[in-house]
Amino acid sequence: MRVLMIAPPGAGKGTQGALIAAYFSIPHVATGDLLRDHVARQSELGRAVQTHLQRGELVPDQVVLDIVRLALATAKAAGTGYVLDGVPRNIEQARAIYRIALELDMTADVALHLQADDGELVRRLLARAALEGRSDDTEDVIRTRLRVYREVTHPILSWYGQRGILVSVDAMRPAEAVGREILAALEVLHSLTEHVPEQARRTIDLTGLGDAFGHPSPSDTPG
Ligand code: AMP
């Protein structure tokens with residue numbers, strides 16, 4: 001199973017990425033975690049990207065593309081899939097990762113989109129700040145990260161929609177419920193991807209399921 005996760009900050013990428021990785025026994029590659037680790041160790045790379053992280057801005061594309069190339073090559077050598085969490089964040093990264101994955105014959109089966117509205121995301125991120133004290137979980141930086149997501153990350157979803165590998169889930173619910181829905185969708189896709197060529201696949205939008213159960217679906221627009 002080869003998964004890309006695209007979600008605004010606070011939607012639960014880390015939690016759901018770890019769940020997917022454990023369930024399918026695949027590596028969980030979270031660019032944000034790797035970059036924070038470099039900053040904590042004050043490596044050369046860490047010193048170069050520290051200000052970007054503190055401001056909630058994207059680090060240069062080449063930095064994350066190098067991380068992704070290594071992660072995909074490692075997964076290929078190990079004969080596994082992967083779950084990439086937090087990348088791609090803009091259309092240039094999306095295209096470059098597609099090229100890297102094509103070269104390695106490791107293109108993604110699924111672009112998993114976690115959808116949630118801004119009011120809920122800010123509430124969650126401020127709650128996390130109180131627990132973990134992440135330096136980019138202050139209200140100002142949270143606003144910047146959400147703006148970056150809306151302006152440059154969210155638009156790439158349509159590109160994955162055209163490729164027929166987009167799966168959107170409603171991430172406003174408790175993590176357990178979201179996780180169950182993700183695993184159920186990925187299980188089905190896992191069996192399908194072997195038989196259905198990419199061009200013949202369709203986008204799967206599960207975000208409206210809330211209506212069927214009597215609660216409104218999230219808008220994924222500023223709230
Ligand atoms: P995250 O943990 O995914 O919220 O990422 C934390 C921070 O790491 C982001 O605000 C960016 O500064 C940086 N970052 C993580 N992934 C990427 C990426 N794919 N492209 C550029 N910057 C990234």
# chains A, B, ... in the order shown; residues from 1 in each chain; ligands from 1
call {"tool": "residues_near_ligand", "arguments": {"ligand": "ligand 1", "cutoff": "9 Å", "atoms": "only C-alpha atoms and all ligand atoms", "output": "JSON, numbers by chain"}}
result
{"A": [7, 8, 9, 10, 13, 14, 30, 31, 32, 33, 34, 35, 36, 49, 50, 51, 52, 53, 54, 55, 56, 57, 58, 59, 60, 61, 62, 63, 64, 65, 68, 85, 86, 87, 88, 89, 90, 93, 136, 141, 142, 144, 145, 148]}
call {"tool": "closest_residue", "arguments": {"among": "A:Val3, A:Ala101, A:Ala40, A:Ile156", "to": "A:Leu183", "atoms": "only C-alpha atoms"}}
result
A:Val3
call {"tool": "select_by_dssp", "arguments": {"residues": "stretch 16-120 of chain A", "states": "alpha helix (DSSP H)", "output": "ChimeraX atom specification"}}
result
/A:16-24,31-41,44-55,61-78,91-104,118-120
call {"tool": "atom_distance", "arguments": {"atom1": "atom CA of A:Glu120", "atom2": "atom CA of A:Arg150"}}
result
14.9 Å
call {"tool": "atom_distance", "arguments": {"atom1": "atom CA of A:Arg180", "atom2": "atom CA of A:Asp109"}}
result
18.7 Å
call {"tool": "closest_residue", "arguments": {"among": "A:Val83, A:Met1, A:Met172, A:Leu125", "to": "A:Gly208", "atoms": "only C-alpha atoms"}}
result
A:Met172
call {"tool": "residues_around", "arguments": {"residues": "stretch 163-167 of chain A", "least_positions_apart": "3", "cutoff": "12 Å", "atoms": "only C-alpha atoms", "output": "PyMOL selection string"}}
result
chain A and resi 2-7+94-95+98+107-115+156-160+170+181-186+188-190+192-193+196-207
call {"tool": "select_by_dssp", "arguments": {"residues": "stretch 66-145 of chain A", "states": "strand (DSSP E or B)", "output": "list in words"}}
result
Tyr82, Val83, Leu84, Asp85, Val110, Ala111, Leu112, His113, Leu114 and Gln115 of chain A
call {"tool": "atom_distance", "arguments": {"atom1": "atom CA of A:Asp66", "atom2": "atom CA of A:Glu151"}}
result
23.6 Å
